[in-house]
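Text of input23.cif, listed as mmCIF, C-alpha atoms:
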```cif
data_model
#
loop_
_atom_site.label_atom_id
_atom_site.label_comp_id
_atom_site.auth_asym_id
_atom_site.auth_seq_id
_atom_site.Cartn_x
_atom_site.Cartn_y
_atom_site.Cartn_z
CA MET A 1 7.14 14.27 18.89
CA ILE A 2 5.59 10.81 19.25
CA ILE A 3 2.85 9.76 16.83
CA LEU A 4 0.75 6.60 16.72
CA GLY A 5 0.02 5.63 13.10
CA ILE A 6 -2.95 3.46 12.12
CA GLU A 7 -3.37 1.82 8.70
CA THR A 8 -6.40 -0.24 7.55
CA SER A 9 -6.80 0.65 3.86
CA CYS A 10 -6.93 -2.91 2.55
CA ASP A 11 -6.13 -6.23 4.22
CA GLU A 12 -3.39 -5.32 6.69
CA THR A 13 -4.30 -4.10 10.18
CA ALA A 14 -1.27 -2.07 11.22
CA ALA A 15 -0.20 0.28 14.01
CA ALA A 16 3.17 1.87 14.69
CA VAL A 17 4.73 4.38 17.06
CA VAL A 18 7.26 6.75 15.50
CA ARG A 19 9.24 9.57 17.09
CA ASP A 20 10.00 12.72 15.04
CA GLY A 21 8.95 11.05 11.81
CA LYS A 22 12.01 8.76 11.60
CA GLU A 23 12.73 6.86 14.81
CA ILE A 24 10.64 3.69 14.72
CA LEU A 25 9.67 2.68 18.25
CA SER A 26 7.34 -0.14 17.16
CA SER A 27 5.60 -1.59 14.14
CA VAL A 28 2.85 -4.22 14.35
CA ILE A 29 1.01 -5.75 11.38
CA ALA A 30 -1.78 -8.34 11.47
CA SER A 31 -1.97 -9.98 8.04
CA GLN A 32 -5.12 -11.41 6.46
CA VAL A 33 -3.37 -13.35 3.67
CA SER A 34 -4.57 -16.76 4.86
CA ILE A 35 -8.16 -15.49 5.01
CA HIS A 36 -8.26 -14.14 1.46
CA ALA A 37 -6.01 -16.75 -0.18
CA PRO A 38 -8.85 -19.19 -1.01
CA TYR A 39 -10.51 -16.42 -3.08
CA GLY A 40 -7.37 -15.32 -4.95
CA GLY A 41 -7.86 -11.72 -3.84
CA VAL A 42 -9.16 -9.46 -1.09
CA VAL A 43 -12.85 -9.84 -0.20
CA PRO A 44 -13.86 -6.37 1.14
CA GLU A 45 -16.50 -7.61 3.61
CA LEU A 46 -14.12 -10.18 5.11
CA ALA A 47 -11.37 -7.57 5.33
CA SER A 48 -13.60 -5.19 7.27
CA ARG A 49 -14.66 -7.89 9.73
CA GLN A 50 -11.04 -8.90 10.38
CA HIS A 51 -10.01 -5.29 10.96
CA LEU A 52 -12.74 -5.05 13.60
CA GLU A 53 -11.29 -8.10 15.32
CA TYR A 54 -7.63 -7.04 15.06
CA ILE A 55 -7.61 -3.26 15.48
CA ILE A 56 -7.59 -2.91 19.29
CA PRO A 57 -5.07 -5.74 19.96
CA VAL A 58 -2.76 -4.36 17.24
CA ILE A 59 -2.85 -0.82 18.68
CA GLU A 60 -2.27 -2.12 22.20
CA SER A 61 0.65 -4.25 21.00
CA ALA A 62 2.24 -1.29 19.19
CA LEU A 63 2.05 0.89 22.30
CA GLU A 64 3.38 -1.89 24.53
CA LYS A 65 6.35 -2.66 22.25
CA ALA A 66 7.19 1.03 22.04
CA GLY A 67 7.02 1.39 25.82
CA VAL A 68 4.71 4.35 25.35
CA SER A 69 1.42 5.08 27.13
CA CYS A 70 -1.58 6.68 25.43
CA GLU A 71 -0.99 9.84 27.46
CA GLU A 72 2.57 10.15 26.09
CA LEU A 73 1.36 10.36 22.50
CA ASP A 74 1.52 13.81 20.92
CA ALA A 75 -0.84 12.97 18.06
CA LEU A 76 -2.45 10.18 16.07
CA GLY A 77 -2.15 9.67 12.31
CA VAL A 78 -4.59 7.54 10.34
CA THR A 79 -5.14 6.55 6.72
CA GLN A 80 -8.23 8.30 5.35
CA GLY A 81 -8.03 6.92 1.80
CA PRO A 82 -7.82 5.76 -0.89
CA GLY A 83 -8.71 2.15 -0.17
CA LEU A 84 -11.62 -0.12 0.72
CA VAL A 85 -14.16 2.13 2.44
CA GLY A 86 -15.32 -0.48 4.95
CA ALA A 87 -11.74 -1.28 5.91
CA LEU A 88 -10.77 2.40 6.17
CA LEU A 89 -13.72 3.17 8.42
CA VAL A 90 -12.48 0.71 11.04
CA GLY A 91 -9.14 2.47 11.38
CA LEU A 92 -10.73 5.92 11.20
CA SER A 93 -13.27 5.07 13.89
CA ALA A 94 -10.59 3.73 16.23
CA ALA A 95 -8.35 6.75 15.66
CA LYS A 96 -11.18 9.27 16.15
CA ALA A 97 -12.31 7.54 19.34
CA MET A 98 -8.79 7.58 20.78
CA ALA A 99 -8.16 11.20 19.76
CA TYR A 100 -11.45 12.29 21.36
CA ALA A 101 -10.92 10.32 24.56
CA LEU A 102 -7.30 11.42 24.98
CA GLY A 103 -7.74 14.99 23.76
CA LYS A 104 -4.98 14.47 21.18
CA PRO A 105 -4.71 15.91 17.65
CA LEU A 106 -5.73 13.63 14.79
CA ILE A 107 -3.94 13.84 11.43
CA ALA A 108 -5.51 12.43 8.25
CA VAL A 109 -3.06 10.81 5.83
CA ASN A 110 -3.49 9.96 2.17
CA HIS A 111 -2.41 6.34 1.67
CA LEU A 112 -0.26 7.24 -1.35
CA GLU A 113 1.48 10.01 0.58
CA GLY A 114 2.26 7.38 3.19
CA HIS A 115 3.88 5.15 0.58
CA ILE A 116 5.91 8.08 -0.75
CA GLN A 117 7.02 8.88 2.80
CA ALA A 118 8.48 5.35 3.04
CA ALA A 119 11.22 6.52 0.67
CA PHE A 120 12.54 8.79 3.46
CA ILE A 121 12.75 6.08 6.13
CA SER A 122 16.32 5.09 5.25
CA GLY A 123 17.32 8.76 5.00
CA GLY A 124 19.63 10.51 2.58
CA ILE A 125 17.18 11.06 -0.27
CA PRO A 126 17.68 14.43 -2.01
CA ASP A 127 15.20 17.08 -3.07
CA PRO A 128 13.48 16.73 -5.51
CA PHE A 129 13.18 13.17 -6.87
CA ILE A 130 11.03 10.88 -9.01
CA CYS A 131 8.91 8.41 -7.06
CA LEU A 132 7.40 5.27 -8.60
CA VAL A 133 4.38 4.23 -6.51
CA VAL A 134 3.51 0.69 -7.51
CA SER A 135 1.15 -1.65 -5.64
CA GLY A 136 -1.98 -3.75 -5.94
CA GLY A 137 -4.21 -0.72 -6.36
CA HIS A 138 -1.88 1.96 -7.72
CA THR A 139 0.78 2.46 -10.37
CA ALA A 140 1.92 6.05 -10.81
CA LEU A 141 4.93 8.33 -11.14
CA TYR A 142 5.32 11.50 -9.08
CA ARG A 143 7.80 14.33 -8.85
CA VAL A 144 8.32 14.80 -5.09
CA ASP A 145 9.76 17.79 -3.22
CA LEU A 146 10.85 17.65 0.41
CA ASP A 147 8.45 20.48 1.28
CA GLY A 148 5.61 18.02 0.80
CA GLY A 149 4.72 18.79 -2.79
CA ALA A 150 4.04 15.84 -5.08
CA ARG A 151 3.06 16.32 -8.73
CA LEU A 152 1.50 13.42 -10.63
CA LEU A 153 3.38 12.74 -13.87
CA GLY A 154 1.52 9.67 -15.08
CA ALA A 155 -0.64 6.82 -13.78
CA THR A 156 -2.19 3.61 -15.04
CA ARG A 157 -5.17 3.89 -17.37
CA ASP A 158 -6.59 0.58 -16.16
CA ASP A 159 -5.09 -2.18 -14.00
CA ALA A 160 -2.34 -1.52 -11.48
CA ALA A 161 0.78 -3.69 -11.74
CA GLY A 162 0.00 -5.56 -8.53
CA GLU A 163 -3.56 -6.19 -9.69
CA ALA A 164 -2.23 -7.75 -12.91
CA PHE A 165 0.07 -10.01 -10.87
CA ASP A 166 -2.81 -11.13 -8.65
CA LYS A 167 -5.21 -11.83 -11.51
CA ILE A 168 -2.74 -13.91 -13.52
CA ALA A 169 -1.65 -15.79 -10.41
CA LYS A 170 -5.32 -16.63 -9.80
CA LEU A 171 -5.67 -17.79 -13.41
CA LEU A 172 -2.67 -20.09 -12.97
CA GLY A 173 -3.81 -21.25 -9.53
CA ILE A 174 -0.43 -20.51 -7.93
CA GLY A 175 -1.59 -18.72 -4.79
CA TYR A 176 -2.13 -15.32 -3.24
CA PRO A 177 -0.63 -12.71 -3.03
CA GLY A 178 0.05 -13.13 -6.74
CA GLY A 179 3.10 -10.89 -6.92
CA ILE A 180 4.96 -12.92 -4.31
CA ALA A 181 3.98 -16.23 -5.93
CA ILE A 182 5.10 -15.10 -9.39
CA ASP A 183 8.33 -13.60 -8.03
CA LYS A 184 9.25 -16.93 -6.41
CA LEU A 185 8.41 -18.98 -9.50
CA ALA A 186 10.33 -16.62 -11.78
CA SER A 187 13.59 -16.95 -9.85
CA GLY A 188 16.12 -18.64 -12.13
CA ALA A 189 13.64 -19.05 -15.01
CA ASN A 190 13.91 -17.59 -18.54
CA PRO A 191 12.30 -14.12 -18.76
CA GLU A 192 12.50 -14.20 -22.57
CA ALA A 193 10.76 -17.56 -23.06
CA ILE A 194 7.46 -15.89 -23.99
CA GLN A 195 7.26 -12.49 -25.70
CA PHE A 196 4.40 -10.76 -23.94
CA PRO A 197 3.40 -7.25 -25.15
CA ARG A 198 4.47 -3.99 -23.51
CA SER A 199 2.09 -1.01 -23.50
CA ARG A 200 4.07 2.18 -23.99
CA PHE A 201 1.68 4.71 -25.66
CA GLU A 202 3.10 7.90 -27.16
CA LYS A 203 6.87 8.43 -27.05
CA GLU A 204 6.79 10.96 -24.19
CA SER A 205 3.90 9.38 -22.27
CA LEU A 206 4.44 8.43 -18.64
CA GLU A 207 1.13 6.56 -18.36
CA PHE A 208 0.82 2.82 -17.80
CA SER A 209 -1.55 0.07 -18.92
CA PHE A 210 -1.51 -3.58 -17.90
CA SER A 211 -4.95 -4.79 -18.99
CA GLY A 212 -3.67 -5.74 -22.45
CA LEU A 213 -0.80 -7.72 -20.95
CA LYS A 214 -3.21 -9.53 -18.65
CA THR A 215 -5.45 -10.41 -21.62
CA ALA A 216 -2.46 -11.57 -23.68
CA ALA A 217 -1.33 -13.85 -20.85
CA ALA A 218 -4.82 -15.33 -20.45
CA ASN A 219 -5.11 -15.89 -24.21
CA PHE A 220 -1.70 -17.59 -24.27
CA VAL A 221 -2.86 -20.12 -21.69
CA ARG A 222 -6.11 -20.66 -23.59
CA VAL A 223 -4.29 -21.31 -26.88
CA HIS A 224 -1.32 -23.32 -25.59
CA GLY A 225 -2.96 -25.13 -22.69
CA PRO A 226 -1.95 -25.19 -19.02
CA PRO A 227 1.79 -24.94 -18.39
CA ALA A 228 4.08 -27.72 -17.30
CA SER A 229 6.16 -27.16 -14.18
CA ASP A 230 9.82 -27.75 -13.40
CA SER A 231 8.67 -29.09 -10.06
CA ALA A 232 5.93 -31.23 -11.65
CA PRO A 233 7.01 -32.30 -15.18
CA GLY A 234 4.60 -33.67 -17.72
CA GLY A 235 2.04 -30.85 -17.79
CA ALA A 236 -0.10 -30.31 -20.84
CA GLY A 237 1.58 -27.11 -22.01
CA SER A 238 4.61 -26.71 -24.26
CA TYR A 239 6.12 -24.23 -21.79
CA THR A 240 6.88 -24.27 -18.08
CA LEU A 241 5.04 -22.43 -15.34
CA GLU A 242 8.35 -20.95 -14.21
CA ASP A 243 9.17 -19.49 -17.64
CA PHE A 244 5.63 -18.14 -17.98
CA ALA A 245 5.94 -16.40 -14.60
CA ALA A 246 9.36 -14.96 -15.45
CA SER A 247 8.20 -13.69 -18.86
CA PHE A 248 5.03 -12.12 -17.47
CA GLN A 249 6.97 -10.47 -14.64
CA GLU A 250 9.57 -9.15 -17.08
CA ALA A 251 6.89 -7.49 -19.22
CA ILE A 252 5.68 -5.54 -16.17
CA VAL A 253 9.15 -4.71 -14.88
CA ASP A 254 10.35 -3.53 -18.31
CA VAL A 255 7.68 -0.85 -18.47
CA LEU A 256 8.05 0.22 -14.83
CA VAL A 257 11.80 0.72 -15.19
CA GLU A 258 11.58 2.36 -18.62
CA LYS A 259 8.93 4.88 -17.53
CA SER A 260 10.75 5.70 -14.28
CA VAL A 261 13.97 6.51 -16.15
CA LYS A 262 12.03 8.52 -18.74
CA ALA A 263 10.34 10.54 -15.98
CA ALA A 264 13.71 11.42 -14.46
CA GLN A 265 15.04 12.48 -17.85
CA GLN A 266 12.00 14.61 -18.66
CA CYS A 267 12.20 16.37 -15.28
CA GLY A 268 15.98 16.75 -15.39
CA LEU A 269 16.41 14.78 -12.17
CA SER A 270 18.94 12.11 -11.23
CA ASP A 271 17.24 10.46 -8.24
CA ILE A 272 14.52 7.80 -8.29
CA ALA A 273 12.70 6.00 -5.48
CA ALA A 274 10.31 3.06 -5.76
CA VAL A 275 7.67 2.42 -3.09
CA GLY A 276 4.55 0.29 -2.62
CA GLY A 277 4.00 -3.45 -2.39
CA VAL A 278 5.34 -4.24 -5.87
CA ALA A 279 8.55 -2.34 -4.99
CA ALA A 280 9.36 -5.43 -2.89
CA ASN A 281 9.57 -7.50 -6.11
CA SER A 282 13.10 -8.87 -6.39
CA ARG A 283 13.29 -8.53 -10.18
CA LEU A 284 12.13 -4.89 -10.13
CA ARG A 285 14.65 -4.03 -7.43
CA LYS A 286 17.43 -5.77 -9.38
CA ARG A 287 16.59 -4.08 -12.69
CA LEU A 288 16.38 -0.64 -11.08
CA ALA A 289 19.72 -1.26 -9.34
CA GLN A 290 21.29 -2.28 -12.66
CA GLU A 291 20.05 0.90 -14.32
CA ALA A 292 21.32 2.98 -11.43
CA ALA A 293 24.72 1.27 -11.60
CA SER A 294 25.01 2.23 -15.26
CA GLY A 295 25.07 5.85 -14.13
CA ASN A 296 21.58 6.86 -15.25
CA PHE A 297 20.41 7.85 -11.76
CA ARG A 298 20.75 7.30 -8.01
CA LEU A 299 18.29 4.78 -6.55
CA TYR A 300 16.50 4.82 -3.19
CA LEU A 301 14.55 1.76 -2.10
CA PRO A 302 12.89 1.39 1.31
CA PRO A 303 13.44 -1.88 3.20
CA VAL A 304 11.08 -4.56 1.90
CA GLU A 305 9.03 -4.55 5.12
CA PHE A 306 8.13 -0.89 4.50
CA CYS A 307 7.09 -1.42 0.87
CA THR A 308 3.90 -3.27 1.71
CA ASP A 309 1.13 -1.57 3.70
CA ASN A 310 2.35 -0.58 7.17
CA ALA A 311 1.68 2.05 9.79
CA VAL A 312 5.25 3.37 10.07
CA MET A 313 4.77 5.22 6.78
CA ILE A 314 1.46 6.65 8.04
CA ALA A 315 2.95 7.92 11.31
CA SER A 316 5.92 9.36 9.43
CA ALA A 317 3.67 11.11 6.90
CA ALA A 318 1.49 12.43 9.73
CA TYR A 319 4.58 13.99 11.32
CA GLN A 320 5.48 15.73 8.03
CA ILE A 321 1.92 17.04 7.66
CA TRP A 322 2.07 18.36 11.24
CA MET A 323 5.39 20.10 10.54
CA ARG A 324 3.99 21.72 7.40
CA SER A 325 0.59 22.87 8.62
CA GLY A 326 0.18 22.18 12.34
CA PRO A 327 -3.01 20.81 13.94
CA GLN A 328 -5.90 20.19 11.55
CA GLN A 329 -9.43 21.29 12.34
CA GLY A 330 -12.59 19.19 12.18
CA MET A 331 -10.74 15.89 12.24
CA LEU A 332 -13.42 14.12 14.29
CA GLU A 333 -15.82 14.59 11.35
CA LEU A 334 -13.46 12.81 8.93
CA ASP A 335 -14.93 10.34 6.47
CA ALA A 336 -13.16 7.70 4.37
CA TYR A 337 -12.73 8.01 0.61
CA SER A 338 -12.14 5.11 -1.78
CA ARG A 339 -10.39 6.96 -4.63
#
```

How would this structure read if it were set down as structure tokens?
Amino acid sequence: MIILGIETSCDETAAAVVRDGKEILSSVIASQVSIHAPYGGVVPELASRQHLEYIIPVIESALEKAGVSCEELDALGVTQGPGLVGALLVGLSAAKAMAYALGKPLIAVNHLEGHIQAAFISGGIPDPFICLVVSGGHTALYRVDLDGGARLLGATRDDAAGEAFDKIAKLLGIGYPGGIAIDKLASGANPEAIQFPRSRFEKESLEFSFSGLKTAAANFVRVHGPPASDSAPGGAGSYTLEDFAASFQEAIVDVLVEKSVKAAQQCGLSDIAAVGGVAANSRLRKRLAQEAASGNFRLYLPPVEFCTDNAVMIASAAYQIWMRSGPQQGMLELDAYSR
């Protein structure tokens, strides 16, 4: 079964062709990073306009690279939400138009279900498992079963981890996306140079909070002045930009790893996967691997290119939805949802 997946939930215009939910025939992504970088974050109106410009060429490129014609498609899968409504509507409109014109089934996919499906791309993941979904807009823990069930165990009460990375990177003026910029700066620096707070809540809680950490980081800069830099010595601060980045990153990673292990223990499971854009963070991947090596659990990480927003995960999730419930009715009346 060949499915064309379309993803436009935020600032990546993506299309992919996947056979039987696993065999990737093509994957095309048009990034908007350079467009949003001057603003330190995604500007929804600009994102929507760029999706309008990119969507048809990206779909055509995905079909061409896969060597598949529109007529050979068995179905189309598209992200319905959550995400930026204006951005989502571009992908939805394109998918509905194609499905109507071709007479093909259209399958609506929840963006988070797509991210969870990325854990299956490399294969071999058992049933059930704990899945950490961590990105710019989401930070949550789920118990996932291979029959498609996913039970929310805990989510963030305020900022997502990726959002905290982006906001502090903007404060420091180190570029966008913030998570990538901080990850690069933190490499080789001292993660214990600055003792930032960790929000843990009640002993058994699996919820997250990063707003307090973000405020603590901003207050530290206000009190101590701008940081110096290993690459540009002589800054006003009594600490380096690299150590600040490493310490801030460590505060986020500590909580993500701790809560993931706690979730597995509470559910009596020994398998953990991490998905979403922040799951590409090198420090998070290393810390999770270290915990797994100690015998606490088995770890499953998708390739880095499938952690960030992509259409392979949407096509793969659409296939699983089709296998569970078959064709969906009323798909041409679909509307986007932001949350």

Inset, instruction - Using the chain letters and residue numbers of this document, give as a VMD selection string the residues selected by the PyMOL selection byres ((chain A and resi 301) around 10). - result: chain A and resid 118 to 122 125 272 to 275 279 to 280 285 288 to 289 299 to 300 302 to 304 306 to 307

Inset, instruction - Excluding Ser187 of chain A and residues on its chain fewer than 5 positions from it, collect all residues at most 12 Å away from it, counting all atoms listed in the file, and give them as a ChimeraX atom specification. - result: /A:180-182,230,241-247,249-250,281-283,286

Inset, instruction - Starting from the displayed file, determine the output of the PyMOL selection byres ((chain A and resi 108) around 7) and express the residue list as a list in words. - result: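 For this structure, the PyMOL selection byres ((chain A and resi 108) around 7) resolves to Gly77, Val78, Thr79, Gln80, Leu106, Ile107, Val109 and Asn110 of chain A.
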
Inset, instruction - Enumerate, as a ChimeraX atom specification, the residues matched when the PyMOL selection byres ((chain A and resi 41) around 12) is run on the file above. - result: /A:10-11,32-40,42-44,46-47,136-137,162-171,173,175-179

Closest contacts (segment 222-296 of chain A/segment 140-159 of chain A, max 10 Å, all atoms listed in the file) as JSON lines:
```
{"residue": "A:Leu256", "atom": "CA", "partner": "A:Ala140", "partner_atom": "CA", "distance": 9.4}
{"residue": "A:Lys259", "atom": "CA", "partner": "A:Leu141", "partner_atom": "CA", "distance": 8.3}
{"residue": "A:Ser260", "atom": "CA", "partner": "A:Leu141", "partner_atom": "CA", "distance": 7.1}
{"residue": "A:Ala263", "atom": "CA", "partner": "A:Leu141", "partner_atom": "CA", "distance": 7.6}
{"residue": "A:Ala264", "atom": "CA", "partner": "A:Arg143", "partner_atom": "CA", "distance": 8.7}
{"residue": "A:Cys267", "atom": "CA", "partner": "A:Arg143", "partner_atom": "CA", "distance": 8.1}
{"residue": "A:Leu269", "atom": "CA", "partner": "A:Arg143", "partner_atom": "CA", "distance": 9.2}
{"residue": "A:Ile272", "atom": "CA", "partner": "A:Arg143", "partner_atom": "CA", "distance": 9.4}
{"residue": "A:Ala273", "atom": "CA", "partner": "A:Val144", "partner_atom": "CA", "distance": 9.8}
{"residue": "A:Ala274", "atom": "CA", "partner": "A:Leu141", "partner_atom": "CA", "distance": 9.3}
```

Inset, instruction - Find the residue from A:Pro191, A:Gly5, A:Gly67, A:Gly86 that sits nearest to Asp335 of chain A; use all atoms listed in the file when measuring. - result: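 Comparing A:Pro191, A:Gly5, A:Gly67, A:Gly86 against Asp335 of chain A, the winner is A:Gly86.
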
Legend entry - All residues 9 Å or closer to His111 of chain A, only C-alpha atoms, same chain fewer than 5 positions away omitted, as number ranges by chain: A: 7, 9, 79-83, 116, 309, 313-314

Legend entry - Test item: residues at most 9 Å from Gly114 of chain A, only C-alpha atoms, excluding those fewer than 6 positions along its chain, as a ChimeraX atom specification: /A:79,310-318

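The two atoms in question, atom CA of Met323 of chain A and atom CA of Val28 of chain A, are spaced 24.7 Å apart.
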
Inset, instruction - Check the smallest atom-to-atom distance from each of A:Ser135, A:Thr13, A:Gln117, A:Ser69 to Gly91 of chain A using all atoms listed in the file, then report the winner. - result: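 Residue with the minimum atom-to-atom distance to Gly91 of chain A: A:Thr13.
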